[in-house]
Every structure is written in structure tokens, then in C-alpha cells.
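Novice: If it helps, the file is called query.csv and holds CSV, C-alpha atoms:
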chain,number,residue,atom,x,y,z
A,1,MET,CA,117.2,80.5,76.0
A,2,THR,CA,115.7,83.0,78.5
A,3,THR,CA,117.6,85.5,80.6
A,4,PHE,CA,116.4,85.4,84.2
A,5,VAL,CA,117.2,87.9,87.0
A,6,LEU,CA,116.2,86.6,90.4
A,7,VAL,CA,115.5,88.9,93.3
A,8,PRO,CA,115.0,87.4,96.8
A,9,GLY,CA,112.6,88.5,99.4
A,10,PHE,CA,113.4,89.8,102.9
A,11,TRP,CA,116.5,88.6,104.8
A,12,LEU,CA,117.8,86.3,102.1
A,13,GLY,CA,120.6,86.8,99.5
A,14,SER,CA,121.3,85.4,96.1
A,15,TRP,CA,122.0,82.0,97.8
A,16,ALA,CA,118.3,81.5,98.3
A,17,TRP,CA,118.0,80.9,94.5
A,18,ASP,CA,120.8,78.3,94.3
A,19,SER,CA,118.7,75.2,93.5
A,20,VAL,CA,116.4,77.1,91.1
A,21,ALA,CA,119.3,78.7,89.3
A,22,GLU,CA,121.1,75.4,89.0
A,23,ARG,CA,118.0,73.8,87.3
A,24,LEU,CA,117.4,76.7,85.0
A,25,ARG,CA,121.0,76.8,83.9
A,26,ALA,CA,121.0,73.1,83.3
A,27,ASP,CA,118.1,73.6,81.0
A,28,GLY,CA,120.1,76.2,79.0
A,29,HIS,CA,118.9,79.5,80.5
A,30,GLU,CA,121.0,82.4,81.6
A,31,VAL,CA,120.5,83.2,85.3
A,32,HIS,CA,121.6,86.1,87.4
A,33,ALA,CA,120.6,85.8,91.1
A,34,LEU,CA,121.1,89.0,93.1
A,35,SER,CA,121.6,90.0,96.7
A,36,MET,CA,120.1,93.4,97.5
A,37,PRO,CA,122.2,96.2,99.1
A,38,GLY,CA,122.7,95.5,102.8
A,39,ILE,CA,121.9,91.8,102.7
A,40,ALA,CA,124.0,88.6,102.8
A,41,GLU,CA,127.5,89.2,101.3
A,42,ARG,CA,126.5,92.9,101.0
A,43,ALA,CA,125.5,93.3,104.7
A,44,GLY,CA,128.3,95.9,105.2
A,45,GLU,CA,126.5,98.2,102.8
A,46,ALA,CA,123.4,98.5,105.0
A,47,THR,CA,122.6,102.0,106.5
A,48,PRO,CA,119.4,103.5,107.9
A,49,GLU,CA,118.9,105.1,104.5
A,50,THR,CA,118.9,101.8,102.5
A,51,GLY,CA,115.5,101.5,101.0
A,52,VAL,CA,113.6,100.6,97.9
A,53,PRO,CA,115.1,103.4,95.8
A,54,ALA,CA,118.6,101.9,96.5
A,55,GLU,CA,117.4,98.5,95.5
A,56,VAL,CA,115.8,99.7,92.3
A,57,ALA,CA,119.0,101.7,91.4
A,58,ASP,CA,121.2,98.7,92.2
A,59,ILE,CA,119.2,96.3,89.9
A,60,VAL,CA,119.1,98.9,87.0
A,61,GLU,CA,122.8,99.4,87.3
A,62,TYR,CA,123.4,95.6,87.2
A,63,LEU,CA,121.2,95.2,84.1
A,64,ARG,CA,123.1,98.0,82.3
A,65,ARG,CA,126.5,96.8,83.4
A,66,HIS,CA,125.9,93.3,82.1
A,67,ALA,CA,124.1,94.6,79.0
A,68,LEU,CA,121.0,92.5,79.8
A,69,ARG,CA,117.9,92.9,77.7
A,70,ASP,CA,114.6,91.0,77.3
A,71,VAL,CA,115.0,90.0,81.0
A,72,VAL,CA,112.4,87.9,82.9
A,73,LEU,CA,112.7,89.8,86.2
A,74,VAL,CA,111.6,87.6,89.2
A,75,GLY,CA,110.8,89.0,92.6
A,76,HIS,CA,109.9,86.8,95.6
A,77,SER,CA,107.9,88.2,98.5
A,78,GLY,CA,109.3,91.6,99.5
A,79,GLY,CA,111.3,91.6,96.3
A,80,ASN,CA,108.0,92.8,94.7
A,81,MET,CA,108.8,96.4,95.4
A,82,PRO,CA,112.2,96.7,93.6
A,83,VAL,CA,111.2,94.6,90.6
A,84,THR,CA,108.1,96.8,90.1
A,85,GLY,CA,110.3,99.9,90.4
A,86,VAL,CA,112.8,98.5,87.9
A,87,ALA,CA,110.0,97.9,85.4
A,88,ASP,CA,108.9,101.5,85.7
A,89,ALA,CA,112.4,102.8,85.3
A,90,VAL,CA,113.7,100.7,82.4
A,91,PRO,CA,110.7,98.9,80.8
A,92,GLU,CA,112.7,98.6,77.6
A,93,LEU,CA,115.0,96.1,79.3
A,94,ILE,CA,112.3,93.9,80.8
A,95,ALA,CA,110.4,91.2,78.8
A,96,ARG,CA,108.3,90.1,81.8
A,97,LEU,CA,107.9,90.5,85.5
A,98,VAL,CA,107.2,87.4,87.6
A,99,TYR,CA,106.0,87.8,91.2
A,100,VAL,CA,106.5,84.8,93.4
A,101,ASP,CA,103.9,84.5,96.2
A,102,THR,CA,103.4,88.3,96.0
A,103,GLY,CA,102.3,91.0,93.7
A,104,PRO,CA,102.7,94.6,92.8
A,105,MET,CA,101.7,97.1,95.5
A,106,PRO,CA,99.4,100.0,94.7
A,107,SER,CA,101.1,103.4,94.4
A,108,GLY,CA,101.7,104.9,97.9
A,109,LEU,CA,101.7,101.6,99.8
A,110,GLY,CA,104.7,99.7,101.1
A,111,VAL,CA,105.2,96.0,101.9
A,112,ILE,CA,104.4,96.8,105.6
A,113,ASP,CA,100.9,97.8,104.5
A,114,PHE,CA,100.1,94.2,103.4
A,115,GLY,CA,99.8,93.2,107.1
A,116,PRO,CA,97.0,94.3,109.5
A,117,PRO,CA,97.7,97.2,111.9
A,118,GLU,CA,98.7,94.9,114.8
A,119,ALA,CA,101.3,93.1,112.7
A,120,GLN,CA,102.7,96.4,111.5
A,121,GLU,CA,103.0,97.6,115.1
A,122,ALA,CA,104.7,94.3,116.1
A,123,GLN,CA,107.3,94.9,113.3
A,124,ARG,CA,107.9,98.4,114.4
A,125,LYS,CA,108.4,97.3,118.0
A,126,LEU,CA,110.8,94.6,117.0
A,127,VAL,CA,112.9,97.1,115.0
A,128,ALA,CA,112.9,99.6,117.9
A,129,GLU,CA,113.9,97.0,120.5
A,130,GLN,CA,116.1,94.6,118.6
A,131,GLY,CA,117.1,96.3,115.3
A,132,GLU,CA,118.7,99.5,116.5
A,133,GLY,CA,115.7,101.4,115.2
A,134,TRP,CA,116.4,100.7,111.5
A,135,LEU,CA,116.8,96.9,111.0
A,136,LEU,CA,114.1,94.2,111.0
A,137,PRO,CA,115.6,91.1,112.6
A,138,PRO,CA,115.2,87.9,110.5
A,139,SER,CA,112.3,85.5,111.0
A,140,ALA,CA,113.0,82.6,113.3
A,141,PHE,CA,112.2,80.2,110.4
A,142,ASP,CA,110.5,77.8,112.9
A,143,ALA,CA,108.2,75.4,111.2
A,144,ALA,CA,106.3,74.7,114.4
A,145,GLU,CA,105.5,78.4,114.8
A,146,ASP,CA,104.8,79.1,111.1
A,147,PRO,CA,103.7,75.8,109.5
A,148,VAL,CA,101.9,77.4,106.5
A,149,ASN,CA,104.6,79.6,105.2
A,150,LEU,CA,107.4,77.1,105.9
A,151,ALA,CA,105.5,74.1,104.5
A,152,GLY,CA,107.6,71.6,102.6
A,153,ILE,CA,111.0,72.9,103.7
A,154,SER,CA,113.5,70.4,105.1
A,155,GLU,CA,115.1,70.9,108.5
A,156,ALA,CA,118.5,71.2,106.7
A,157,ASP,CA,117.2,74.1,104.6
A,158,LEU,CA,115.5,75.7,107.6
A,159,GLU,CA,118.8,75.7,109.4
A,160,ARG,CA,120.5,77.2,106.4
A,161,MET,CA,117.9,79.9,106.3
A,162,ARG,CA,118.4,80.7,110.0
A,163,THR,CA,122.2,80.7,109.6
A,164,LEU,CA,122.5,82.8,106.5
A,165,ALA,CA,119.6,85.2,107.0
A,166,SER,CA,120.5,88.9,107.4
A,167,PRO,CA,118.6,91.7,109.2
A,168,GLN,CA,116.5,93.7,106.7
A,169,PRO,CA,116.9,97.5,106.4
A,170,PHE,CA,113.5,98.6,107.6
A,171,ARG,CA,113.1,101.3,105.0
A,172,THR,CA,112.8,98.5,102.4
A,173,VAL,CA,109.7,97.4,104.3
A,174,THR,CA,108.1,100.8,104.7
A,175,ASP,CA,109.1,102.6,101.5
A,176,THR,CA,106.4,103.2,98.9
A,177,LEU,CA,106.6,103.5,95.2
A,178,ASP,CA,104.9,106.6,93.7
A,179,ARG,CA,104.0,105.1,90.4
A,180,PRO,CA,102.4,106.8,87.4
A,181,GLY,CA,99.4,104.5,87.7
A,182,ASP,CA,98.5,101.0,88.7
A,183,ALA,CA,99.1,99.5,85.2
A,184,LEU,CA,102.4,97.8,84.8
A,185,PRO,CA,104.6,98.9,81.9
A,186,VAL,CA,105.5,95.3,80.9
A,187,PRO,CA,103.7,91.9,80.9
A,188,ALA,CA,103.5,90.4,84.3
A,189,SER,CA,102.7,87.0,85.9
A,190,ALA,CA,102.4,85.8,89.5
A,191,ILE,CA,103.0,82.4,91.0
A,192,THR,CA,100.8,82.0,94.0
A,193,CYS,CA,101.8,79.5,96.6
A,194,THR,CA,100.2,80.1,100.0
A,195,PHE,CA,97.0,81.3,98.3
A,196,SER,CA,95.3,80.4,95.1
A,197,PRO,CA,94.2,82.4,92.1
A,198,GLU,CA,90.7,81.8,93.1
A,199,GLN,CA,91.4,83.4,96.5
A,200,VAL,CA,92.9,86.4,94.6
A,201,THR,CA,89.6,86.9,92.8
A,202,GLN,CA,87.6,86.5,96.0
A,203,LEU,CA,89.7,89.1,97.8
A,204,ALA,CA,89.9,91.6,95.0
A,205,GLY,CA,86.8,93.4,96.1
A,206,VAL,CA,88.1,94.1,99.6
A,207,SER,CA,91.9,94.6,98.9
A,208,PRO,CA,93.5,96.9,96.4
A,209,ILE,CA,96.6,94.6,96.5
A,210,PHE,CA,94.6,91.6,95.4
A,211,ALA,CA,92.7,93.7,92.9
A,212,LEU,CA,95.9,94.5,91.1
A,213,MET,CA,96.9,90.9,91.1
A,214,THR,CA,93.7,89.9,89.2
A,215,LYS,CA,95.3,91.8,86.2
A,216,LEU,CA,98.3,89.5,86.2
A,217,ASP,CA,98.8,86.1,84.4
A,218,LEU,CA,98.2,83.9,87.5
A,219,HIS,CA,99.7,80.5,88.1
A,220,HIS,CA,99.4,78.2,91.2
A,221,LEU,CA,102.3,76.3,92.8
A,222,PRO,CA,100.8,75.0,96.1
A,223,THR,CA,103.4,75.0,98.8
A,224,GLY,CA,104.8,77.3,101.5
A,225,HIS,CA,105.9,80.9,101.0
A,226,TRP,CA,109.5,79.9,100.1
A,227,PRO,CA,109.1,77.6,97.0
A,228,MET,CA,112.7,78.0,96.1
A,229,PHE,CA,113.4,75.7,99.1
A,230,SER,CA,110.2,73.5,99.2
A,231,ARG,CA,109.7,72.9,95.5
A,232,PRO,CA,112.8,74.3,93.6
A,233,ASP,CA,112.6,72.1,90.5
A,234,ASP,CA,108.9,72.7,90.1
A,235,LEU,CA,109.4,76.5,90.5
A,236,ALA,CA,112.2,76.4,87.9
A,237,VAL,CA,110.1,74.5,85.4
A,238,LEU,CA,107.2,77.0,85.9
A,239,LEU,CA,109.5,80.0,85.5
A,240,ALA,CA,110.8,78.5,82.3
A,241,GLU,CA,107.3,78.0,81.0
A,242,ILE,CA,106.2,81.5,81.9
A,243,GLY,CA,109.4,83.1,80.5
A,244,SER,CA,109.3,81.2,77.2
Rewrite the structure of this file - the entire thing - as C-alpha cells.
Specialist:
Amino acid sequence: MTTFVLVPGFWLGSWAWDSVAERLRADGHEVHALSMPGIAERAGEATPETGVPAEVADIVEYLRRHALRDVVLVGHSGGNMPVTGVADAVPELIARLVYVDTGPMPSGLGVIDFGPPEAQEAQRKLVAEQGEGWLLPPSAFDAAEDPVNLAGISEADLERMRTLASPQPFRTVTDTLDRPGDALPVPASAITCTFSPEQVTQLAGVSPIFALMTKLDLHHLPTGHWPMFSRPDDLAVLLAEIGS
């Protein structure tokens, strides 16, 4: 039996992992799916100061409160930052990190730095105009507008995403991690979905983000950016294999 702690990406709470968690539990694993501070059922906790340090501290407190050890800590998309920070803080509790369609950011870079300058400016404008200056409104989750990232997701699940998504505290998007070095303190894997391991290698020479990913144990699950909706059973099986 493996102990999994599942951290969602931006806008989504623990509910995003429901199908994956159900499959993993049915196969005998212990699963803890978390909502981050300020999101989903914890939306009332959001403040302009809610950032990556709050997420890291929240996960560490959860691990200690539940006496969890030898954890396979899984972070999807923007969940990459807190899971990396947790591994730095309490490596003795973590057996392996698994990044889902994402990877560790180099020290001094935030999730926002993954996008080009025009995309960063568009996000900041959206926050200023529609997010009271500190919240990033949820994606529209419109498959017609974003067919690559939303590939394979049913209309019912898209509607669920639209209905349950929460505004994201923008500090979690812009905060950086000042890490002791680029090397991770625990073994780490990545499941790539919207890009392949071959593309990671090709982009390593021009992107420090992809350069870091070449040092991970890479797996490919071709689908959209949210495999917990488009291929939940396959994601669960792959997580179990990686965590074994």
C-alpha cells in the first residue's frame, strides 16, 4: 500500500481528484486529497497575503497532524510550487514527488514565469480588472477556446469545473521559492500530458524549466492538461506504478 497526498492546480479543490482517489483507494492505497488555503471549501480563508509559503505550511501541518510518512506527494499544474517547497521543508516525510503536466521551477521563478511576457501581462490585467487586485479569476474551461488543454474532458466534467472553480489568490501565481539549489531532496517523477518527454529534452537547451525536468523520471500520458478528468483511471494506474 502506498500513501498518496494529492495537491490540485489552480482554481480547483480536493474534489478534482475524486475519480483518481476512488480508483487508488479501490486498489488498496491510502489517499489524501487536499484543497489549498483560499480555494473550494476553504475559499473564506483567502486573503491578499495567501501565497506559496501558506500552501507549503498547510501541507506540512497536514502531514504532521496525520502522522504521514513515506508519502508520494503529487502536484498538478500550479501545485508544483507547494509540493516542491514541502519536499525542501520535510524531505524525511516524502518518499517521492510526482509532478502532473508540470515540473519544479528554478529557484527565484514563479508559476507566472512559465508563460511569455504577453501572457503574464494579460493575467495581471485580469487580476486588476476582475480580481480586486489580488485574485486570478478561474479559466472559462471552454473546450472550443482551449481544445488542447481541455482535450478528452466530457461536457459534464467541464460544467463541474466551471461551477466549482474558485478564484486563485494571485500571490500563489507570482511567489517564488528560494531554494538551496536546483537539485530536489527526494526522488521525483513527472507525468507529461500536453507535451512529451522528447519535447522536454528538445526544450531543455532554451528553457531552465524544461532543463530541470530532464533530471526527473519522465512518463507520458497523452491527453489534455487535466488528466484527472480526461483519463482518471489511467492516471491512477500510472501513479500507483510510479509510487510502488
Novice: In Å, with one decimal, what is the gap from CA of Asp234 (chain A) to CA of Asp146 (chain A)?
Specialist: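 Between these atoms lies a distance of 22.3 Å.
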Novice: So how many Å separate CA of Asp113 (chain A) and CA of Thr174 (chain A), to one decimal?
Specialist: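 Interatomic distance here is 7.8 Å.
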Novice: So, counting all atoms listed in the file, which residue among A:Thr192, A:Thr214, A:Thr47, A:Ser166 is closest to Tyr99 (chain A)?
Specialist: A:Thr192
Novice: Out of A:Ile39, A:Ala143, A:Val52, A:Val83, which residue has the shortest atom-to-atom distance to Leu6 (chain A) when counting all atoms listed in the file?
Specialist: A:Val83
Novice: Taking only C-alpha atoms into account, name the residue in A:Asp233, A:Asp58, A:Glu155, A:Glu45 that is nearest to Leu221 (chain A).
Specialist: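 Going through A:Asp233, A:Asp58, A:Glu155, A:Glu45 one by one, the smallest distance to Leu221 (chain A) is for A:Asp233.
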Novice: When you get a chance, write out N, CA and C atoms for region 208-233 of chain A, as a tab-separated table (two decimals), in the coordinates of the input.
Specialist:
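Just written: selection36.tsv:
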chain	number	residue	atom	x	y	z
A	208	PRO	N	92.92	96.34	97.65
A	208	PRO	CA	93.50	96.90	96.40
A	208	PRO	C	94.72	96.10	95.96
A	209	ILE	N	95.40	95.44	96.88
A	209	ILE	CA	96.60	94.60	96.50
A	209	ILE	C	96.14	93.45	95.67
A	210	PHE	N	95.13	92.73	96.14
A	210	PHE	CA	94.60	91.60	95.40
A	210	PHE	C	93.92	92.03	94.11
A	211	ALA	N	93.30	93.21	94.15
A	211	ALA	CA	92.70	93.70	92.90
A	211	ALA	C	93.69	93.90	91.82
A	212	LEU	N	94.87	94.39	92.15
A	212	LEU	CA	95.90	94.50	91.10
A	212	LEU	C	96.38	93.16	90.63
A	213	MET	N	96.41	92.17	91.52
A	213	MET	CA	96.90	90.90	91.10
A	213	MET	C	95.94	90.19	90.12
A	214	THR	N	94.66	90.54	90.13
A	214	THR	CA	93.70	89.90	89.20
A	214	THR	C	94.08	90.31	87.74
A	215	LYS	N	94.87	91.36	87.55
A	215	LYS	CA	95.30	91.80	86.20
A	215	LYS	C	96.50	91.07	85.70
A	216	LEU	N	97.08	90.20	86.54
A	216	LEU	CA	98.30	89.50	86.20
A	216	LEU	C	97.92	88.10	85.58
A	217	ASP	N	98.86	87.53	84.89
A	217	ASP	CA	98.80	86.10	84.40
A	217	ASP	C	99.09	85.26	85.64
A	218	LEU	N	98.07	84.59	86.20
A	218	LEU	CA	98.20	83.90	87.50
A	218	LEU	C	98.49	82.39	87.29
A	219	HIS	N	99.40	81.87	88.11
A	219	HIS	CA	99.70	80.50	88.10
A	219	HIS	C	99.77	80.01	89.60
A	220	HIS	N	99.50	78.73	89.83
A	220	HIS	CA	99.40	78.20	91.20
A	220	HIS	C	100.47	77.12	91.39
A	221	LEU	N	101.32	77.28	92.41
A	221	LEU	CA	102.30	76.30	92.80
A	221	LEU	C	102.06	76.05	94.32
A	222	PRO	N	101.13	75.16	94.68
A	222	PRO	CA	100.80	75.00	96.10
A	222	PRO	C	101.91	74.51	96.95
A	223	THR	N	102.34	75.34	97.89
A	223	THR	CA	103.40	75.00	98.80
A	223	THR	C	103.51	76.15	99.80
A	224	GLY	N	104.60	76.20	100.57
A	224	GLY	CA	104.80	77.30	101.50
A	224	GLY	C	105.26	78.56	100.78
A	225	HIS	N	105.61	79.56	101.58
A	225	HIS	CA	105.90	80.90	101.00
A	225	HIS	C	107.32	80.92	100.39
A	226	TRP	N	108.15	79.91	100.63
A	226	TRP	CA	109.50	79.90	100.10
A	226	TRP	C	109.64	78.69	99.13
A	227	PRO	N	109.03	78.74	97.93
A	227	PRO	CA	109.10	77.60	97.00
A	227	PRO	C	110.45	77.29	96.47
A	228	MET	N	111.36	78.25	96.55
A	228	MET	CA	112.70	78.00	96.10
A	228	MET	C	113.43	76.96	97.00
A	229	PHE	N	112.86	76.71	98.19
A	229	PHE	CA	113.40	75.70	99.10
A	229	PHE	C	112.45	74.44	99.10
A	230	SER	N	111.14	74.67	99.09
A	230	SER	CA	110.20	73.50	99.20
A	230	SER	C	109.95	72.82	97.91
A	231	ARG	N	109.95	73.55	96.77
A	231	ARG	CA	109.70	72.90	95.50
A	231	ARG	C	110.57	73.60	94.40
A	232	PRO	N	111.89	73.56	94.55
A	232	PRO	CA	112.80	74.30	93.60
A	232	PRO	C	112.68	73.85	92.18
A	233	ASP	N	112.63	72.54	91.94
A	233	ASP	CA	112.60	72.10	90.50
A	233	ASP	C	111.26	72.48	89.90
